[in-house]
Amino acid sequence: MNEIADRYRRRAAAFEDKIAAVRPEQWPNPSPCARWSARDVVRHIVDMHDVMLRPLGLALSPAPSVDDDPLAAFRAARADVQAILGDPARAGQECDTPGGRMTVEQHIDQVVSDDLPLHGWDLARATAQDDTIDPEDVERGWAALRALPPGLLEQFRTPGAFGPGVEVFGPEVKVEEDASPQDRLLALIGRDPGWKA
């Protein structure tokens, strides 16, 4: 395994654990993502796994829907992406992305893998679980976001900039100067760290 595959595997395992801990009656709970329920958070992550396969002309393997079985839907999507990351020829194939030309594994690392800790926080908040993000992921996410050109960061905040209905980040939320690194990261992407269902 390489660093990207290992990072994805760790993050996906943590997200899967959160899905597994959701009680059936919690799936309709609101989440910190406006207009999304807890189930919608998982749906988004599964959909983004599908997006990662498209440059290779692939789609997700047949699996239960997120409506029927969120855990099985995620596990199947996770297996598809891990198979790509485990295949050096496919993982190293170049593709065009909104962030420029890069390898498939880089695209996975920068999009769906980076999404897992952040949406894991959303799912945890929606369902009263431990919402602590791995400090390594907080540090990595903060560095990546601070390195974005201001124009691109504003594009991420513009609804529809990457397609109809696509909203990457919300407006930055103000937090105290002594806020924790996790809270500063969440605020930067438009999450209110104090949000409660």
# chains A, B, ... in the order shown; residues from 1 in each chain; ligands from 1

$ residues_around --residues "Ala76 (chain A)" --least-positions-apart "3" --cutoff "10 Å" --atoms "only C-alpha atoms" --output "list of chain:residue names"
A:Val46, A:His49, A:Leu60, A:Ser61, A:Pro62, A:Ala63, A:Pro64, A:Leu71, A:Ala72, A:Ala73, A:Ala79, A:Asp80, A:Val81, A:Gln82

$ write_last_selection --atoms "C-alpha atoms" --output "PDB file, in the first residue's frame"
ATOM      1  CA  VAL A  46     -21.338   7.348  -1.893  1.00  0.00           C
ATOM      2  CA  HIS A  49     -17.106   7.619  -4.790  1.00  0.00           C
ATOM      3  CA  LEU A  60     -20.060   1.756  -8.713  1.00  0.00           C
ATOM      4  CA  SER A  61     -20.720  -1.955  -8.458  1.00  0.00           C
ATOM      5  CA  PRO A  62     -24.326  -3.031  -7.867  1.00  0.00           C
ATOM      6  CA  ALA A  63     -25.183  -2.576  -4.199  1.00  0.00           C
ATOM      7  CA  PRO A  64     -28.113  -1.709  -1.924  1.00  0.00           C
ATOM      8  CA  LEU A  71     -23.835   0.849   5.552  1.00  0.00           C
ATOM      9  CA  ALA A  72     -23.918  -1.702   2.717  1.00  0.00           C
ATOM     10  CA  ALA A  73     -24.003   1.095   0.118  1.00  0.00           C
ATOM     11  CA  ALA A  79     -14.458  -1.543  -1.959  1.00  0.00           C
ATOM     12  CA  ASP A  80     -14.637  -0.118  -5.501  1.00  0.00           C
ATOM     13  CA  VAL A  81     -12.335   2.804  -4.671  1.00  0.00           C
ATOM     14  CA  GLN A  82      -9.919   0.622  -2.706  1.00  0.00           C
TER      15      GLN A  82
END

$ residues_around --residues "region 33-38 of chain A" --least-positions-apart "2" --cutoff "12 Å" --atoms "only C-alpha atoms" --output "count of residues only"
47

$ atom_distance --atom1 "CA of Glu154 (chain A)" --atom2 "CA of Asp115 (chain A)"
18.1 Å

$ select_by_dssp --residues "region 43-170 of chain A" --states "strand (DSSP E or B)" --output "list in words"
Glu94, Cys95, Asp96, Thr97, Gly100, Arg101, Met102 and Thr103 of chain A

$ select_by_dssp --residues "region 41-95 of chain A" --states "helix (DSSP H, G or I)" --output "PyMOL selection string"
chain A and resi 41-56+70-85+88-91

$ residues_around --residues "Leu152 (chain A)" --least-positions-apart "3" --cutoff "12 Å" --atoms "only C-alpha atoms" --output "count of residues only"
16

$ closest_residue --among "A:Ala59, A:Pro164, A:Trp142, A:Glu3" --to "Leu188 (chain A)" --atoms "only C-alpha atoms"
A:Trp142

$ decode --residues "region 84-96 of chain A" --atoms "all heavy atoms" --output "PDB file, in the first residue's frame"
ATOM      1  N   ILE A  84      -9.374   0.377  -6.960  1.00  0.00           N
ATOM      2  CA  ILE A  84      -8.638   1.284  -7.862  1.00  0.00           C
ATOM      3  C   ILE A  84      -7.292   1.645  -7.239  1.00  0.00           C
ATOM      4  O   ILE A  84      -6.246   1.596  -7.900  1.00  0.00           O
ATOM      5  CB  ILE A  84      -9.450   2.573  -8.131  1.00  0.00           C
ATOM      6  CG1 ILE A  84     -10.775   2.251  -8.829  1.00  0.00           C
ATOM      7  CG2 ILE A  84      -8.627   3.570  -8.954  1.00  0.00           C
ATOM      8  CD1 ILE A  84     -10.669   1.530 -10.140  1.00  0.00           C
ATOM      9  N   LEU A  85      -7.304   1.993  -5.972  1.00  0.00           N
ATOM     10  CA  LEU A  85      -6.060   2.391  -5.305  1.00  0.00           C
ATOM     11  C   LEU A  85      -5.079   1.233  -5.199  1.00  0.00           C
ATOM     12  O   LEU A  85      -3.868   1.443  -5.113  1.00  0.00           O
ATOM     13  CB  LEU A  85      -6.360   2.956  -3.915  1.00  0.00           C
ATOM     14  CG  LEU A  85      -7.107   4.292  -3.898  1.00  0.00           C
ATOM     15  CD1 LEU A  85      -7.486   4.687  -2.468  1.00  0.00           C
ATOM     16  CD2 LEU A  85      -6.284   5.398  -4.543  1.00  0.00           C
ATOM     17  N   GLY A  86      -5.593   0.020  -5.231  1.00  0.00           N
ATOM     18  CA  GLY A  86      -4.730  -1.153  -5.170  1.00  0.00           C
ATOM     19  C   GLY A  86      -4.202  -1.614  -6.510  1.00  0.00           C
ATOM     20  O   GLY A  86      -3.429  -2.578  -6.585  1.00  0.00           O
ATOM     21  N   ASP A  87      -4.602  -0.924  -7.569  1.00  0.00           N
ATOM     22  CA  ASP A  87      -4.180  -1.271  -8.931  1.00  0.00           C
ATOM     23  C   ASP A  87      -3.290  -0.137  -9.451  1.00  0.00           C
ATOM     24  O   ASP A  87      -3.796   0.908  -9.876  1.00  0.00           O
ATOM     25  CB  ASP A  87      -5.421  -1.435  -9.813  1.00  0.00           C
ATOM     26  CG  ASP A  87      -5.098  -1.776 -11.268  1.00  0.00           C
ATOM     27  OD1 ASP A  87      -3.938  -1.589 -11.698  1.00  0.00           O
ATOM     28  OD2 ASP A  87      -6.019  -2.229 -11.977  1.00  0.00           O
ATOM     29  N   PRO A  88      -1.961  -0.298  -9.415  1.00  0.00           N
ATOM     30  CA  PRO A  88      -1.070   0.810  -9.782  1.00  0.00           C
ATOM     31  C   PRO A  88      -1.342   1.392 -11.175  1.00  0.00           C
ATOM     32  O   PRO A  88      -1.218   2.609 -11.365  1.00  0.00           O
ATOM     33  CB  PRO A  88       0.321   0.176  -9.715  1.00  0.00           C
ATOM     34  CG  PRO A  88       0.170  -0.964  -8.763  1.00  0.00           C
ATOM     35  CD  PRO A  88      -1.220  -1.487  -8.962  1.00  0.00           C
ATOM     36  N   ALA A  89      -1.732   0.558 -12.131  1.00  0.00           N
ATOM     37  CA  ALA A  89      -1.980   1.070 -13.484  1.00  0.00           C
ATOM     38  C   ALA A  89      -3.174   2.016 -13.498  1.00  0.00           C
ATOM     39  O   ALA A  89      -3.130   3.092 -14.102  1.00  0.00           O
ATOM     40  CB  ALA A  89      -2.204  -0.082 -14.447  1.00  0.00           C
ATOM     41  N   ARG A  90      -4.245   1.618 -12.832  1.00  0.00           N
ATOM     42  CA  ARG A  90      -5.433   2.475 -12.792  1.00  0.00           C
ATOM     43  C   ARG A  90      -5.217   3.679 -11.887  1.00  0.00           C
ATOM     44  O   ARG A  90      -5.604   4.792 -12.223  1.00  0.00           O
ATOM     45  CB  ARG A  90      -6.648   1.671 -12.317  1.00  0.00           C
ATOM     46  CG  ARG A  90      -7.197   0.745 -13.377  1.00  0.00           C
ATOM     47  CD  ARG A  90      -8.402   0.005 -12.879  1.00  0.00           C
ATOM     48  NE  ARG A  90      -9.191  -0.497 -13.993  1.00  0.00           N
ATOM     49  CZ  ARG A  90     -10.172  -1.359 -13.859  1.00  0.00           C
ATOM     50  NH1 ARG A  90     -10.511  -1.811 -12.666  1.00  0.00           N
ATOM     51  NH2 ARG A  90     -10.848  -1.780 -14.916  1.00  0.00           N
ATOM     52  N   ALA A  91      -4.616   3.467 -10.736  1.00  0.00           N
ATOM     53  CA  ALA A  91      -4.398   4.567  -9.795  1.00  0.00           C
ATOM     54  C   ALA A  91      -3.500   5.640 -10.395  1.00  0.00           C
ATOM     55  O   ALA A  91      -3.671   6.835 -10.121  1.00  0.00           O
ATOM     56  CB  ALA A  91      -3.791   4.036  -8.503  1.00  0.00           C
ATOM     57  N   GLY A  92      -2.564   5.232 -11.230  1.00  0.00           N
ATOM     58  CA  GLY A  92      -1.623   6.176 -11.817  1.00  0.00           C
ATOM     59  C   GLY A  92      -2.074   6.808 -13.116  1.00  0.00           C
ATOM     60  O   GLY A  92      -1.379   7.662 -13.672  1.00  0.00           O
ATOM     61  N   GLN A  93      -3.248   6.414 -13.602  1.00  0.00           N
ATOM     62  CA  GLN A  93      -3.761   6.986 -14.857  1.00  0.00           C
ATOM     63  C   GLN A  93      -4.091   8.461 -14.656  1.00  0.00           C
ATOM     64  O   GLN A  93      -4.644   8.848 -13.640  1.00  0.00           O
ATOM     65  CB  GLN A  93      -5.015   6.208 -15.289  1.00  0.00           C
ATOM     66  CG  GLN A  93      -5.553   6.618 -16.653  1.00  0.00           C
ATOM     67  CD  GLN A  93      -6.683   5.694 -17.092  1.00  0.00           C
ATOM     68  OE1 GLN A  93      -6.620   4.480 -16.906  1.00  0.00           O
ATOM     69  NE2 GLN A  93      -7.724   6.273 -17.669  1.00  0.00           N
ATOM     70  N   GLU A  94      -3.763   9.285 -15.634  1.00  0.00           N
ATOM     71  CA  GLU A  94      -4.043  10.720 -15.513  1.00  0.00           C
ATOM     72  C   GLU A  94      -5.452  11.037 -15.965  1.00  0.00           C
ATOM     73  O   GLU A  94      -6.001  10.372 -16.847  1.00  0.00           O
ATOM     74  CB  GLU A  94      -3.032  11.533 -16.313  1.00  0.00           C
ATOM     75  CG  GLU A  94      -1.637  11.517 -15.698  1.00  0.00           C
ATOM     76  CD  GLU A  94      -0.789  12.689 -16.151  1.00  0.00           C
ATOM     77  OE1 GLU A  94      -1.113  13.311 -17.177  1.00  0.00           O
ATOM     78  OE2 GLU A  94       0.196  12.979 -15.453  1.00  0.00           O
ATOM     79  N   CYS A  95      -6.039  12.059 -15.334  1.00  0.00           N
ATOM     80  CA  CYS A  95      -7.390  12.486 -15.713  1.00  0.00           C
ATOM     81  C   CYS A  95      -7.517  13.990 -15.511  1.00  0.00           C
ATOM     82  O   CYS A  95      -6.738  14.605 -14.776  1.00  0.00           O
ATOM     83  CB  CYS A  95      -8.438  11.736 -14.880  1.00  0.00           C
ATOM     84  SG  CYS A  95      -8.323  12.021 -13.097  1.00  0.00           S
ATOM     85  N   ASP A  96      -8.493  14.572 -16.194  1.00  0.00           N
ATOM     86  CA  ASP A  96      -8.778  15.998 -16.036  1.00  0.00           C
ATOM     87  C   ASP A  96      -9.798  16.174 -14.916  1.00  0.00           C
ATOM     88  O   ASP A  96     -10.804  15.466 -14.861  1.00  0.00           O
ATOM     89  CB  ASP A  96      -9.330  16.582 -17.342  1.00  0.00           C
ATOM     90  CG  ASP A  96      -8.270  16.625 -18.433  1.00  0.00           C
ATOM     91  OD1 ASP A  96      -7.145  17.086 -18.138  1.00  0.00           O
ATOM     92  OD2 ASP A  96      -8.554  16.174 -19.565  1.00  0.00           O
TER      93      ASP A  96
END
